Amino acid sequence: MSGIIEASSALRKRKHLKRGINFTVMVVGQSGSGRSTFINTLCGQQVVDTSTSILLPTDNSTEIDLQLREETVELEDDEGVKIQLNIIDTPGFGSSLDNTTSFEIISDYIRHQYDEILLEESRVRRNPRFKDGRVHVCLYLIQPTGHGLKEMDVEFIKQLGTLVNIIPIICKSDSLTMEELKQNKKLIQEDINRFNLPIYNFPFDEDEISQEDYETNMYLRSLIPLSIIGSNDVFEDTETNTMIRGRKYLWGTIDVEDTNLSDFVILRNTLLISHLHDLKEYTHEILYEHYRTEALSGGKSVNNNNNNNNNNNSNSIKSPSKPVNLGLGVTSNNSTANPTPTDAKFNISSQSNKNEQTTGDHNTYLAREEQIRLEEERLKAFEERVQQELLLKRQELLAREQELKEIEARLEREAQEGSITDAE
C-alpha cells in the first residue's frame with residue numbers, strides 16, 4: 001500500500017512539474033522609475049526594452065497615453081518546478097496631469113480578468129484549456145523623493161487596493177543614503193496608516209500559522225515598503241572574481257542582490273518562492289470572491305429578501321385547529337370538503353410566496369442580464385483601446401520604415417559620391 005501511495009505522489013509531482021505554475025505580476029510606476037530595468041532584474045534576463053517619456057518633436061499631443069504591455073517568461077527553480085511568469089508592464093503611467101484615465105485602464109483590465117473567470121464559471125460546459133489571467137500581485141513603484149507618498153500614489157492604492165494585492169516598493173533606493181532611506185520608509189508607513197490604504201500586508205491566520213511563518217510575515221511587514229535596486233548590466237566583481245548584476249559608479253560598484261543595500265532578493269524570493277501560493281490564494285478566495293459577490297449582489301439581495309419574506313410569512317401562520325387543505329388535490333382523512341377560513345388564509349399566503357419567488361427569479365434574471373450587458377460594454381471599450389494601440393504601433397513602424405528608407409537612400413548617395421570622387 002505504501003508503495004502505491006509513493007508512486008501516486010511521484011506521479012502527481014511529475015504532472016505538477018510538467019504543468020508548471022501560472023503567476024501574473026503587474027508592475028506600475030511612473031516613467032523613469034525603472035520599471036523595465038526591474039523586470040529584467042527580476043527575470044535575470046533581457047525581457048523588455050527601456051522606454052522613454054520624452055515627446056518627439058513630431059508629436060502633436062501633450063500627453064503620453066498609458067499602454068499595457070504583456071510579456072511571458074518561463075522560469076525554473078532548483079527542484080525543476082516551472083513558473084510561467086506573466087508580466088504586465090505599464091509604460092506611460094503617471095505621465096499626464098490627470099491620471100484618472102490611467103487608473104481606469106488598469107482597473108478595467110483587472111476587472112476584465114475577473115469577469116472572464118465569472119463567465120467561465122457560469123458556463124454549462126467549461127473550457128478545459130481556459131487560461132486564468134487574473135493579476136496576482138501589483139508592484140507599485142514609488143519615487144525615492146524622501147517625502148512619503150504623493151497624492152497620486154494614495155489615490156491609486158485606494159482605488160486598486162480592493163481589486164489586487166498591492167505591494168509598495170521604493171525604486172532606485174541607491175539614490176538615497178541609508179539614513180534617508182530609513183526616513184523615507186517611515187514616512188510612507190505613516191501615510192499608509194493615516195489614509196488606511198489597502199495594501200497587501202502579508203495577512204495570516206493566527207490560529208493556523210506556524211511560528212516560523214509568523215516570524216517571516218512579521219519581518220516582511222516591517223520591511224514595507226520594500227526598497228530595490230535594478231540593473232541591466234552583468235559584470236565581474238574584481239574583489240570576489242564572480243559575475244554579479246549591479247551598477248558601476250565612480251566610487252565603486254553595487255550588487256543589486258546585496259541584502260545590506262537592497263530588498264530585491266527578499267522581494268524575489270517572496271514573489272516566486274515563499275508567498276507565491278499565498279498571493280494566488282488570497283486573490284482567488286478574498287479579492288475575487290469579494291468582486292464576485294458585488295457583481296452578483298443584485299440577485300443575491302433579491303434572494304435574501306425573498307427568503308426573509310418567506311420566513312416571516314411562515315412564522316405568521318399559526319397551527320390551525322382544523323385539518324388544512326395541503327393544496328395537492330387531496331385532503332387529510334378528517335378534512336371536510338369546504339375549506340375553512342384558516343385554509344383560505346394559508347392558500348393565499350402560499351400563493352403570495354409563489355408570486356414573490358417568481359418576482360425574485362425575474363429580478364435575478366434581469367440583474368444577470370445587466371451584468372452581461374456591462375461586461376459586453378467593458379469588452380467593447382477594451383477592444384477599442386487595443387485597436388487604437390495597434391494603430392499607433394502601425395504608425396510608428398511605418399515612420400521608422402520611412403526613416404530607414406531615407407537613411408538607405410542617403411548612404412547610397414554618399415557611396416555614389418565617394419565612388420565619383422575616387423574616380424576623379
# chains A, B, ... in the order shown; residues from 1 in each chain; ligands from 1

$ closest_atom_pairs --of "region 189-239 of chain A" --to "region 141-151 of chain A" --cutoff "10 Å" --atoms "only C-alpha atoms" --output "CSV"
residue,atom,partner,partner_atom,distance
A:Gln189,CA,A:Gly148,CA,8.1
A:Glu190,CA,A:Gly148,CA,8.2
A:Asp191,CA,A:Leu149,CA,6.6
A:Ile192,CA,A:Leu149,CA,8.4
A:Pro225,CA,A:Ile142,CA,9.0
A:Leu226,CA,A:Leu141,CA,9.6
A:Ser227,CA,A:Pro144,CA,9.2
A:Ile228,CA,A:Leu141,CA,9.4

$ write_last_selection --atoms "N, CA and C atoms" --output "CSV table (one decimal), in the first residue's frame"
chain,number,residue,atom,x,y,z
A,189,GLN,N,5.2,54.5,5.6
A,189,GLN,CA,4.4,53.7,6.5
A,189,GLN,C,3.4,54.5,7.3
A,190,GLU,N,3.8,55.7,7.7
A,190,GLU,CA,2.8,56.6,8.4
A,190,GLU,C,1.7,57.1,7.4
A,191,ASP,N,2.0,57.3,6.1
A,191,ASP,CA,1.0,57.7,5.2
A,191,ASP,C,0.0,56.5,5.0
A,192,ILE,N,0.6,55.3,4.9
A,192,ILE,CA,-0.3,54.1,4.7
A,192,ILE,C,-1.3,53.9,5.9
A,225,PRO,N,7.5,49.9,3.1
A,225,PRO,CA,7.7,49.5,1.7
A,225,PRO,C,9.1,48.9,1.4
A,226,LEU,N,9.2,47.9,0.6
A,226,LEU,CA,10.5,47.3,0.3
A,226,LEU,C,11.3,48.3,-0.6
A,227,SER,N,12.6,48.3,-0.6
A,227,SER,CA,13.4,49.1,-1.4
A,227,SER,C,14.2,48.2,-2.3
A,228,ILE,N,14.4,48.7,-3.6
A,228,ILE,CA,15.1,47.8,-4.6
A,228,ILE,C,16.0,48.6,-5.4

$ atom_distance --atom1 "CA of Asn99 (chain A)" --atom2 "CA of Met26 (chain A)"
17.6 Å

$ residues_around --residues "Glu74 (chain A)" --least-positions-apart "4" --cutoff "6 Å" --atoms "only C-alpha atoms" --output "PyMOL selection string"
chain A and resi 83-85

$ closest_residue --among "A:Thr177, A:Asn86, A:Asn232, A:Thr100" --to "Asp49 (chain A)" --atoms "only C-alpha atoms"
A:Asn232

$ select_by_dssp --residues "region 76-179 of chain A" --states "strand (DSSP E or B)" --output "JSON, numbers by chain"
{"A": [76, 82, 83, 84, 85, 86, 87, 88, 89, 137, 138, 139, 140, 141, 142, 166, 167, 168, 169, 170]}

$ write_last_selection --atoms "N, CA, C and O atoms" --output "PDB file, in the first residue's frame"
ATOM      1  N   GLU A  76      12.518  28.458 -13.953  1.00  0.00           N
ATOM      2  CA  GLU A  76      12.592  27.122 -13.363  1.00  0.00           C
ATOM      3  C   GLU A  76      13.481  27.173 -12.130  1.00  0.00           C
ATOM      4  O   GLU A  76      14.591  27.723 -12.181  1.00  0.00           O
ATOM      5  N   LYS A  82       8.526  24.584 -12.824  1.00  0.00           N
ATOM      6  CA  LYS A  82       8.480  25.651 -13.804  1.00  0.00           C
ATOM      7  C   LYS A  82       7.424  26.689 -13.421  1.00  0.00           C
ATOM      8  O   LYS A  82       6.325  26.340 -13.008  1.00  0.00           O
ATOM      9  N   ILE A  83       7.785  27.937 -13.561  1.00  0.00           N
ATOM     10  CA  ILE A  83       6.872  29.044 -13.274  1.00  0.00           C
ATOM     11  C   ILE A  83       6.684  29.844 -14.552  1.00  0.00           C
ATOM     12  O   ILE A  83       7.654  30.380 -15.098  1.00  0.00           O
ATOM     13  N   GLN A  84       5.466  29.877 -15.038  1.00  0.00           N
ATOM     14  CA  GLN A  84       5.158  30.720 -16.188  1.00  0.00           C
ATOM     15  C   GLN A  84       4.806  32.101 -15.662  1.00  0.00           C
ATOM     16  O   GLN A  84       3.706  32.346 -15.199  1.00  0.00           O
ATOM     17  N   LEU A  85       5.753  32.990 -15.727  1.00  0.00           N
ATOM     18  CA  LEU A  85       5.615  34.322 -15.150  1.00  0.00           C
ATOM     19  C   LEU A  85       5.079  35.285 -16.217  1.00  0.00           C
ATOM     20  O   LEU A  85       5.750  35.577 -17.213  1.00  0.00           O
ATOM     21  N   ASN A  86       3.865  35.752 -16.007  1.00  0.00           N
ATOM     22  CA  ASN A  86       3.254  36.728 -16.905  1.00  0.00           C
ATOM     23  C   ASN A  86       3.450  38.121 -16.311  1.00  0.00           C
ATOM     24  O   ASN A  86       2.969  38.398 -15.208  1.00  0.00           O
ATOM     25  N   ILE A  87       4.167  38.957 -17.019  1.00  0.00           N
ATOM     26  CA  ILE A  87       4.500  40.292 -16.533  1.00  0.00           C
ATOM     27  C   ILE A  87       3.745  41.328 -17.346  1.00  0.00           C
ATOM     28  O   ILE A  87       3.773  41.307 -18.583  1.00  0.00           O
ATOM     29  N   ILE A  88       3.054  42.220 -16.650  1.00  0.00           N
ATOM     30  CA  ILE A  88       2.315  43.299 -17.307  1.00  0.00           C
ATOM     31  C   ILE A  88       2.998  44.615 -16.964  1.00  0.00           C
ATOM     32  O   ILE A  88       2.997  45.038 -15.807  1.00  0.00           O
ATOM     33  N   ASP A  89       3.600  45.216 -17.967  1.00  0.00           N
ATOM     34  CA  ASP A  89       4.276  46.499 -17.802  1.00  0.00           C
ATOM     35  C   ASP A  89       3.301  47.623 -18.145  1.00  0.00           C
ATOM     36  O   ASP A  89       2.348  47.424 -18.896  1.00  0.00           O
ATOM     37  N   VAL A 137      -0.508  39.938  -8.186  1.00  0.00           N
ATOM     38  CA  VAL A 137       0.151  40.946  -7.363  1.00  0.00           C
ATOM     39  C   VAL A 137       0.499  42.142  -8.245  1.00  0.00           C
ATOM     40  O   VAL A 137       0.830  41.995  -9.416  1.00  0.00           O
ATOM     41  N   CYS A 138       0.380  43.326  -7.655  1.00  0.00           N
ATOM     42  CA  CYS A 138       0.736  44.571  -8.337  1.00  0.00           C
ATOM     43  C   CYS A 138       1.874  45.221  -7.543  1.00  0.00           C
ATOM     44  O   CYS A 138       1.700  45.576  -6.376  1.00  0.00           O
ATOM     45  N   LEU A 139       3.019  45.353  -8.180  1.00  0.00           N
ATOM     46  CA  LEU A 139       4.170  46.004  -7.557  1.00  0.00           C
ATOM     47  C   LEU A 139       4.129  47.479  -7.936  1.00  0.00           C
ATOM     48  O   LEU A 139       4.316  47.839  -9.099  1.00  0.00           O
ATOM     49  N   TYR A 140       3.861  48.315  -6.952  1.00  0.00           N
ATOM     50  CA  TYR A 140       3.723  49.753  -7.207  1.00  0.00           C
ATOM     51  C   TYR A 140       5.011  50.454  -6.820  1.00  0.00           C
ATOM     52  O   TYR A 140       5.395  50.496  -5.643  1.00  0.00           O
ATOM     53  N   LEU A 141       5.697  51.012  -7.816  1.00  0.00           N
ATOM     54  CA  LEU A 141       6.986  51.653  -7.610  1.00  0.00           C
ATOM     55  C   LEU A 141       6.789  53.110  -7.183  1.00  0.00           C
ATOM     56  O   LEU A 141       6.084  53.877  -7.852  1.00  0.00           O
ATOM     57  N   ILE A 142       7.437  53.475  -6.090  1.00  0.00           N
ATOM     58  CA  ILE A 142       7.338  54.821  -5.527  1.00  0.00           C
ATOM     59  C   ILE A 142       8.664  55.541  -5.745  1.00  0.00           C
ATOM     60  O   ILE A 142       9.734  54.981  -5.490  1.00  0.00           O
ATOM     61  N   ILE A 166      -1.520  44.790  -3.665  1.00  0.00           N
ATOM     62  CA  ILE A 166      -0.549  45.840  -3.962  1.00  0.00           C
ATOM     63  C   ILE A 166       0.579  45.801  -2.942  1.00  0.00           C
ATOM     64  O   ILE A 166       0.338  45.829  -1.736  1.00  0.00           O
ATOM     65  N   ILE A 167       1.808  45.718  -3.449  1.00  0.00           N
ATOM     66  CA  ILE A 167       2.991  45.791  -2.598  1.00  0.00           C
ATOM     67  C   ILE A 167       3.750  47.058  -2.979  1.00  0.00           C
ATOM     68  O   ILE A 167       4.260  47.168  -4.096  1.00  0.00           O
ATOM     69  N   PRO A 168       3.822  48.053  -2.089  1.00  0.00           N
ATOM     70  CA  PRO A 168       4.546  49.291  -2.391  1.00  0.00           C
ATOM     71  C   PRO A 168       6.053  49.076  -2.317  1.00  0.00           C
ATOM     72  O   PRO A 168       6.556  48.393  -1.421  1.00  0.00           O
ATOM     73  N   ILE A 169       6.764  49.666  -3.287  1.00  0.00           N
ATOM     74  CA  ILE A 169       8.207  49.472  -3.389  1.00  0.00           C
ATOM     75  C   ILE A 169       8.876  50.807  -3.693  1.00  0.00           C
ATOM     76  O   ILE A 169       8.431  51.546  -4.586  1.00  0.00           O
ATOM     77  N   ILE A 170       9.931  51.127  -2.966  1.00  0.00           N
ATOM     78  CA  ILE A 170      10.735  52.308  -3.267  1.00  0.00           C
ATOM     79  C   ILE A 170      11.752  51.925  -4.331  1.00  0.00           C
ATOM     80  O   ILE A 170      12.582  51.038  -4.124  1.00  0.00           O
TER      81      ILE A 170
END

$ residues_around --residues "region 376-383 of chain A" --least-positions-apart "2" --cutoff "10 Å" --atoms "only C-alpha atoms" --output "list in words"
Ile105, Asp108, Tyr109, Arg111, His112, Asp115, Glu370, Gln371, Ile372, Arg373, Leu374, Arg385, Val386, Gln387, Gln388 and Glu389 of chain A

$ write_last_selection --atoms "C-alpha atoms" --output "compact mmCIF listing (two decimals), in the first residue's frame"
# COMPACT_ATOMS: atom_id res chain seq x y z
CA ILE A 105 -7.49 51.41 -17.81
CA ASP A 108 -10.80 47.76 -16.24
CA TYR A 109 -8.08 45.28 -17.14
CA ARG A 111 -11.95 43.62 -13.63
CA HIS A 112 -12.00 42.12 -17.11
CA ASP A 115 -15.28 38.82 -15.42
CA GLU A 370 -27.49 43.76 -16.74
CA GLN A 371 -24.18 42.23 -15.64
CA ILE A 372 -23.70 40.63 -19.07
CA ARG A 373 -24.54 43.93 -20.79
CA LEU A 374 -22.00 45.81 -18.67
CA ARG A 385 -8.30 50.70 -26.80
CA VAL A 386 -6.41 47.69 -28.20
CA GLN A 387 -7.26 48.76 -31.75
CA GLN A 388 -6.03 52.29 -31.02
CA GLU A 389 -2.78 50.94 -29.61

$ atom_distance --atom1 "CA of Leu267 (chain A)" --atom2 "CA of Phe38 (chain A)"
11.3 Å

$ closest_residue --among "A:Asn127, A:Ile39, A:Leu160, A:Asp78" --to "Leu287 (chain A)" --atoms "only C-alpha atoms"
A:Leu160

$ residues_around --residues "Phe103 (chain A)" --least-positions-apart "2" --cutoff "12 Å" --atoms "only C-alpha atoms" --output "MDAnalysis selection string"
chainID A and resid 28:29 65:68 90 92:94 96 98:101 105:110 152:161

$ closest_residue --among "A:Asn184, A:Thr37, A:Asn165, A:Thr293" --to "Leu271 (chain A)" --atoms "only C-alpha atoms"
A:Asn165
